[in-house]
file work_27.cif (mmCIF, C-alpha atoms)
data_final
#
loop_
_atom_site.label_atom_id
_atom_site.label_comp_id
_atom_site.auth_asym_id
_atom_site.auth_seq_id
_atom_site.Cartn_x
_atom_site.Cartn_y
_atom_site.Cartn_z
CA ASN J 1 2.04 5.39 19.94
CA ALA J 2 -1.08 3.94 18.36
CA GLY J 3 0.21 4.61 14.82
CA VAL J 4 -2.65 4.72 12.32
CA THR J 5 -6.12 3.84 13.56
CA GLN J 6 -9.36 3.47 11.62
CA THR J 7 -12.98 3.67 12.75
CA PRO J 8 -15.13 1.61 12.34
CA LYS J 9 -13.58 -1.81 11.71
CA PHE J 10 -16.70 -3.24 10.05
CA ARG J 11 -19.87 -1.74 8.64
CA VAL J 12 -22.85 -2.90 6.62
CA LEU J 13 -24.77 -0.24 4.69
CA LYS J 14 -27.85 -0.32 2.53
CA THR J 15 -27.65 1.15 -0.98
CA GLY J 16 -28.13 4.90 -0.80
CA GLN J 17 -27.05 5.32 2.82
CA SER J 18 -24.16 7.57 3.74
CA MET J 19 -21.28 7.14 6.13
CA THR J 20 -17.91 8.52 7.11
CA LEU J 21 -14.77 6.54 7.77
CA LEU J 22 -12.30 8.10 10.17
CA CYS J 23 -8.53 7.72 10.00
CA ALA J 24 -6.31 9.08 12.74
CA GLN J 25 -2.52 9.10 13.08
CA ASP J 26 -0.35 10.17 15.98
CA MET J 27 2.99 10.32 14.15
CA ASN J 28 2.68 13.96 13.05
CA HIS J 29 2.74 12.86 9.41
CA GLU J 30 1.98 15.41 6.73
CA TYR J 31 0.73 13.00 4.07
CA MET J 32 -2.35 10.77 4.39
CA TYR J 33 -4.01 8.40 1.94
CA TRP J 34 -7.18 6.37 1.46
CA TYR J 35 -7.00 3.10 -0.50
CA ARG J 36 -9.49 0.41 -1.35
CA GLN J 37 -8.57 -3.23 -1.75
CA ASP J 38 -10.61 -5.52 -3.96
CA PRO J 39 -9.89 -9.13 -4.93
CA GLY J 40 -7.69 -9.30 -8.02
CA MET J 41 -7.28 -5.52 -8.14
CA GLY J 42 -4.68 -4.81 -5.49
CA LEU J 43 -4.55 -1.57 -3.55
CA ARG J 44 -5.96 1.44 -5.39
CA LEU J 45 -5.67 5.04 -4.24
CA ILE J 46 -8.97 6.86 -3.72
CA HIS J 47 -7.90 10.29 -2.39
CA TYR J 48 -4.89 11.67 -0.61
CA SER J 49 -3.75 14.73 1.28
CA VAL J 50 -0.32 16.36 1.43
CA GLY J 51 -1.14 18.53 4.42
CA GLU J 52 -3.85 19.94 6.64
CA GLY J 53 -6.58 21.55 4.58
CA THR J 54 -5.49 19.93 1.28
CA THR J 55 -6.93 16.99 -0.62
CA ALA J 56 -6.43 15.50 -4.08
CA LYS J 57 -7.94 12.76 -6.22
CA GLY J 58 -6.29 9.42 -6.67
CA GLU J 59 -6.94 6.65 -9.15
CA VAL J 60 -10.56 5.83 -8.16
CA PRO J 61 -12.15 8.95 -6.55
CA ASP J 62 -15.71 8.73 -7.92
CA GLY J 63 -18.39 8.32 -5.25
CA TYR J 64 -16.12 9.44 -2.40
CA ASN J 65 -15.30 12.72 -0.70
CA VAL J 66 -12.57 13.49 1.81
CA SER J 67 -11.63 16.15 4.30
CA ARG J 68 -8.47 16.94 6.25
CA LEU J 69 -9.49 19.62 8.74
CA LYS J 70 -6.91 18.53 11.29
CA LYS J 71 -3.43 17.24 10.53
CA GLN J 72 -3.96 14.02 12.44
CA ASN J 73 -7.32 13.09 10.89
CA PHE J 74 -8.38 12.17 7.36
CA LEU J 75 -12.06 11.44 6.76
CA LEU J 76 -13.49 9.46 3.86
CA GLY J 77 -17.16 9.99 3.08
CA LEU J 78 -19.60 7.99 1.02
CA GLU J 79 -22.60 10.20 0.25
CA SER J 80 -24.81 7.55 -1.36
CA ALA J 81 -23.36 4.08 -0.99
CA ALA J 82 -23.48 1.62 -3.90
CA PRO J 83 -22.81 -2.14 -3.94
CA SER J 84 -19.68 -1.41 -6.06
CA GLN J 85 -18.23 0.29 -2.98
CA THR J 86 -18.18 -2.97 -1.06
CA SER J 87 -14.48 -3.27 -0.26
CA VAL J 88 -11.82 -3.15 2.41
CA TYR J 89 -10.64 0.41 2.97
CA PHE J 90 -7.14 1.17 4.22
CA CYS J 91 -5.83 4.46 5.43
CA ALA J 92 -2.10 5.21 5.39
CA SER J 93 0.17 8.07 6.37
CA SER J 94 3.74 9.09 5.64
CA TYR J 95 6.20 11.72 6.77
CA GLY J 96 6.69 13.11 3.26
CA GLY J 97 6.47 12.19 -0.42
CA SER J 98 7.38 9.01 -2.23
CA ARG J 99 10.81 8.60 -0.67
CA TYR J 100 9.14 7.83 2.66
CA GLU J 101 7.43 4.60 3.63
CA GLN J 102 3.71 4.56 4.25
CA TYR J 103 2.22 3.31 7.52
CA PHE J 104 -1.11 1.55 7.14
CA GLY J 105 -4.10 1.33 9.44
CA PRO J 106 -5.87 -1.97 10.21
CA GLY J 107 -8.57 -1.51 7.57
CA THR J 108 -12.36 -1.11 7.50
CA ARG J 109 -14.46 -3.83 5.90
CA LEU J 110 -17.52 -2.24 4.28
CA THR J 111 -20.39 -4.17 2.76
CA VAL J 112 -23.11 -2.37 0.80
CA THR J 113 -26.25 -4.42 0.21
CA ILE Z 1 -1.95 5.52 -14.90
CA LEU Z 2 1.39 3.72 -15.11
CA ASN Z 3 1.73 -0.03 -14.73
CA VAL Z 4 3.58 -1.93 -12.01
CA GLU Z 5 3.94 -5.63 -12.75
CA GLN Z 6 4.87 -8.33 -10.28
CA SER Z 7 5.77 -11.93 -10.99
CA PRO Z 8 5.04 -14.62 -10.22
CA GLN Z 9 1.50 -14.12 -8.97
CA SER Z 10 1.97 -16.87 -6.38
CA LEU Z 11 4.72 -19.10 -5.14
CA HIS Z 12 4.69 -22.24 -3.01
CA VAL Z 13 7.99 -23.30 -1.43
CA GLN Z 14 9.21 -25.61 1.29
CA GLU Z 15 10.66 -24.36 4.54
CA GLY Z 16 14.35 -23.67 4.03
CA ASP Z 17 14.08 -22.88 0.31
CA SER Z 18 15.38 -19.57 -0.93
CA THR Z 19 13.16 -17.67 -3.29
CA ASN Z 20 12.93 -14.47 -5.24
CA PHE Z 21 10.34 -12.45 -7.10
CA THR Z 22 10.29 -9.54 -9.49
CA CYS Z 23 8.76 -6.09 -9.71
CA SER Z 24 8.81 -4.27 -13.07
CA PHE Z 25 8.16 -0.55 -13.38
CA PRO Z 26 8.64 2.25 -15.93
CA SER Z 27 12.35 2.98 -16.30
CA SER Z 28 11.91 6.66 -17.16
CA ASN Z 29 11.70 9.37 -14.47
CA PHE Z 30 12.57 7.07 -11.60
CA TYR Z 31 11.93 8.50 -8.15
CA ALA Z 32 11.58 5.61 -5.69
CA LEU Z 33 10.44 2.00 -5.39
CA HIS Z 34 8.68 0.55 -2.34
CA TRP Z 35 8.36 -3.03 -1.09
CA TYR Z 36 5.66 -4.00 1.43
CA ARG Z 37 4.84 -7.24 3.19
CA TRP Z 38 1.15 -8.01 3.74
CA GLU Z 39 0.14 -10.87 5.99
CA THR Z 40 -3.39 -12.24 5.80
CA ALA Z 41 -5.88 -10.35 8.01
CA LYS Z 42 -3.29 -7.66 8.74
CA SER Z 43 -2.28 -4.44 7.00
CA PRO Z 44 0.71 -3.84 4.71
CA GLU Z 45 4.03 -3.10 6.40
CA ALA Z 46 6.93 -1.39 4.69
CA LEU Z 47 10.04 -3.46 4.02
CA PHE Z 48 12.16 -1.15 1.90
CA VAL Z 49 12.09 2.17 0.08
CA MET Z 50 14.76 2.16 -2.61
CA THR Z 51 15.91 5.29 -4.36
CA LEU Z 52 19.30 4.67 -6.02
CA ASN Z 53 20.18 2.54 -9.05
CA GLY Z 54 22.18 -0.47 -7.88
CA ASP Z 55 20.86 -0.09 -4.34
CA GLU Z 56 20.71 -3.22 -2.25
CA LYS Z 57 18.81 -3.30 1.04
CA LYS Z 58 18.59 -6.04 3.64
CA LYS Z 59 16.36 -6.81 6.60
CA GLY Z 60 17.17 -10.12 8.25
CA ARG Z 61 16.74 -12.87 5.62
CA ILE Z 62 15.01 -10.53 3.17
CA SER Z 63 16.93 -8.41 0.70
CA ALA Z 64 16.10 -6.35 -2.37
CA THR Z 65 18.01 -5.03 -5.36
CA LEU Z 66 17.14 -2.24 -7.75
CA ASN Z 67 17.90 -1.61 -11.42
CA THR Z 68 16.37 1.72 -12.44
CA LYS Z 69 17.84 1.72 -15.95
CA GLU Z 70 16.00 -1.45 -16.95
CA GLY Z 71 13.05 -0.93 -14.61
CA TYR Z 72 13.08 -3.88 -12.24
CA SER Z 73 13.62 -4.80 -8.62
CA TYR Z 74 14.14 -8.24 -7.11
CA LEU Z 75 13.10 -9.31 -3.63
CA TYR Z 76 15.01 -12.29 -2.19
CA ILE Z 77 14.15 -14.41 0.82
CA LYS Z 78 16.92 -16.69 2.07
CA GLY Z 79 15.91 -19.87 3.87
CA SER Z 80 12.14 -19.27 3.81
CA GLN Z 81 10.22 -19.90 7.03
CA PRO Z 82 6.45 -20.44 7.46
CA GLU Z 83 6.20 -17.00 9.04
CA ASP Z 84 7.40 -15.51 5.72
CA SER Z 85 4.06 -16.54 4.19
CA ALA Z 86 2.48 -13.30 3.02
CA THR Z 87 1.77 -11.23 -0.06
CA TYR Z 88 4.70 -9.05 -1.09
CA LEU Z 89 3.76 -5.81 -2.82
CA CYS Z 90 5.87 -3.37 -4.72
CA ALA Z 91 4.78 0.19 -5.43
CA PHE Z 92 5.97 2.97 -7.71
CA PRO Z 93 5.17 6.69 -7.35
CA ASP Z 94 2.74 8.29 -9.72
CA TYR Z 95 3.08 11.86 -11.05
CA GLY Z 96 6.80 12.20 -10.53
CA GLY Z 97 6.79 11.15 -6.91
CA SER Z 98 6.57 14.42 -5.01
CA GLN Z 99 2.97 13.85 -3.93
CA GLY Z 100 3.61 10.48 -2.38
CA ASN Z 101 0.81 8.70 -4.19
CA LEU Z 102 1.85 5.16 -5.06
CA ILE Z 103 0.69 2.72 -7.73
CA PHE Z 104 0.78 -0.78 -6.26
CA GLY Z 105 1.39 -4.01 -8.10
CA LYS Z 106 -0.99 -6.87 -7.47
CA GLY Z 107 1.57 -8.68 -5.37
CA THR Z 108 3.29 -12.05 -5.16
CA LYS Z 109 1.62 -14.40 -2.69
CA LEU Z 110 4.20 -16.59 -0.98
CA SER Z 111 3.22 -19.77 0.88
CA VAL Z 112 5.94 -21.58 2.85
CA LYS Z 113 5.17 -25.15 3.88
CA PRO Z 114 6.76 -26.49 7.07
#
call {"tool": "encode", "arguments": {"input": "work_27.cif", "output": "structure tokens"}}
result
Amino acid sequence: NAGVTQTPKFRVLKTGQSMTLLCAQDMNHEYMYWYRQDPGMGLRLIHYSVGEGTTAKGEVPDGYNVSRLKKQNFLLGLESAAPSQTSVYFCASSYGGSRYEQYFGPGTRLTVT
Amino acid sequence: ILNVEQSPQSLHVQEGDSTNFTCSFPSSNFYALHWYRWETAKSPEALFVMTLNGDEKKKGRISATLNTKEGYSYLYIKGSQPEDSATYLCAFPDYGGSQGNLIFGKGTKLSVKP
């Protein structure tokens, strides 16, 4: 099992460009999450999904959109990238709600210039 | 957004020392408490998910205790080794816990010198 994978691993964008980050899991997990990690801020939840076709906002959703068309995939989109979105993005998945551990992907390092 | 506090922010110990750190969370409406270990250049890995007051969990030299009434959890490492060097995160569910979304503390960064 690959677990949770993320594509791409690194990306540099110019301000105003768009991109999509892909998260895939092969553990048949219902719940998936997108976090960003910034120095001194810890992990912060951007959006999450509790099942195929559902999405919900987390703590810092502005400037991002998500889609969960297939159970195994969770996409994070940046429509018009801003330097404030320079961060490391982690995807995670879990079998169920908060009584289940989350499995994290390797991260995507995004720089917006 | 609720607050999850971890202390200390960082810790430097010698190989063989035992150490512990604290996670504080709201004591009302407890649902679960997570501990994760995060090595540099890797991704967080779950250590424990604790759900019962008084719970104690153990994985090798690492153990954790939980006090839901006073809102804290301790993580203990017995006989620290250099490979224990990592940031240890705790996380508490937001919105009652059913949705799975966690609020993470900022972590305790542990450095173990050989």
call {"tool": "resolve_selection", "arguments": {"input": "work_27.cif", "expression": "the PyMOL selection byres ((chain Z) within 7 of (chain J))", "output": "count of residues only"}}
result
16
call {"tool": "resolve_selection", "arguments": {"input": "work_27.cif", "expression": "the PyMOL selection byres ((chain Z and resi 60) around 12)", "output": "ChimeraX atom specification"}}
result
/Z:47,57-59,61-64,76-80,84
call {"tool": "resolve_selection", "arguments": {"input": "work_27.cif", "expression": "the PyMOL selection byres ((chain J and resi 11) around 6)", "output": "PyMOL selection string"}}
result
chain J and resi 10+12+110
call {"tool": "write_last_selection", "arguments": {"input": "work_27.cif", "atoms": "C-alpha atoms", "output": "PDB file, in the frame of the given file"}}
result
ATOM      1  CA  PHE J  10     -16.700  -3.240  10.050  1.00  0.00           C
ATOM      2  CA  VAL J  12     -22.850  -2.900   6.620  1.00  0.00           C
ATOM      3  CA  LEU J 110     -17.520  -2.240   4.280  1.00  0.00           C
TER       4      LEU J 110
END
call {"tool": "residues_around", "arguments": {"input": "work_27.cif", "residues": "His12 (chain Z)", "least_positions_apart": "3", "cutoff": "12 Å", "atoms": "all atoms listed in the file", "output": "mmCIF file with C-alpha atoms, keeping the file's coordinate frame"}}
result
data_model
loop_
_atom_site.group_PDB
_atom_site.id
_atom_site.type_symbol
_atom_site.label_atom_id
_atom_site.label_comp_id
_atom_site.auth_asym_id
_atom_site.auth_seq_id
_atom_site.Cartn_x
_atom_site.Cartn_y
_atom_site.Cartn_z
ATOM 1 C CA PRO Z 8 5.040 -14.620 -10.220
ATOM 2 C CA GLN Z 9 1.500 -14.120 -8.970
ATOM 3 C CA GLU Z 15 10.660 -24.360 4.540
ATOM 4 C CA ASP Z 17 14.080 -22.880 0.310
ATOM 5 C CA SER Z 18 15.380 -19.570 -0.930
ATOM 6 C CA THR Z 19 13.160 -17.670 -3.290
ATOM 7 C CA ASN Z 20 12.930 -14.470 -5.240
ATOM 8 C CA SER Z 80 12.140 -19.270 3.810
ATOM 9 C CA GLN Z 81 10.220 -19.900 7.030
ATOM 10 C CA PRO Z 82 6.450 -20.440 7.460
ATOM 11 C CA ASP Z 84 7.400 -15.510 5.720
ATOM 12 C CA SER Z 85 4.060 -16.540 4.190
ATOM 13 C CA ALA Z 86 2.480 -13.300 3.020
ATOM 14 C CA THR Z 87 1.770 -11.230 -0.060
ATOM 15 C CA THR Z 108 3.290 -12.050 -5.160
ATOM 16 C CA LYS Z 109 1.620 -14.400 -2.690
ATOM 17 C CA LEU Z 110 4.200 -16.590 -0.980
ATOM 18 C CA SER Z 111 3.220 -19.770 0.880
ATOM 19 C CA VAL Z 112 5.940 -21.580 2.850
ATOM 20 C CA LYS Z 113 5.170 -25.150 3.880
ATOM 21 C CA PRO Z 114 6.760 -26.490 7.070
#
call {"tool": "atom_distance", "arguments": {"input": "work_27.cif", "atom1": "CA of Met27 (chain J)", "atom2": "CA of Leu52 (chain Z)"}}
result
26.5 Å
call {"tool": "closest_residue", "arguments": {"input": "work_27.cif", "among": "Z:Gln14, Z:Asn3, Z:Asn53, Z:Ser24", "to": "Tyr74 (chain Z)", "atoms": "all atoms listed in the file"}}
result
Z:Ser24
call {"tool": "atom_distance", "arguments": {"input": "work_27.cif", "atom1": "CA of Ser84 (chain J)", "atom2": "CA of Thr20 (chain J)"}}
result
16.6 Å
call {"tool": "atom_distance", "arguments": {"input": "work_27.cif", "atom1": "CA of Arg68 (chain J)", "atom2": "CA of Met19 (chain J)"}}
result
16.1 Å
call {"tool": "closest_residue", "arguments": {"input": "work_27.cif", "among": "Z:Thr22, Z:Ser28, Z:Ser10, Z:Asn67", "to": "Thr51 (chain Z)", "atoms": "only C-alpha atoms"}}
result
Z:Asn67
call {"tool": "residues_near_point", "arguments": {"input": "work_27.cif", "point": "(-11.7, 13.1, 6.4)", "cutoff": "12 Å", "atoms": "all atoms listed in the file", "output": "count of residues only"}}
result
35
call {"tool": "residues_around", "arguments": {"input": "work_27.cif", "residues": "region 88-91 of chain Z", "least_positions_apart": "4", "cutoff": "6 Å", "atoms": "only C-alpha atoms", "output": "PyMOL selection string"}}
result
chain Z and resi 33-37+102-105+107-108
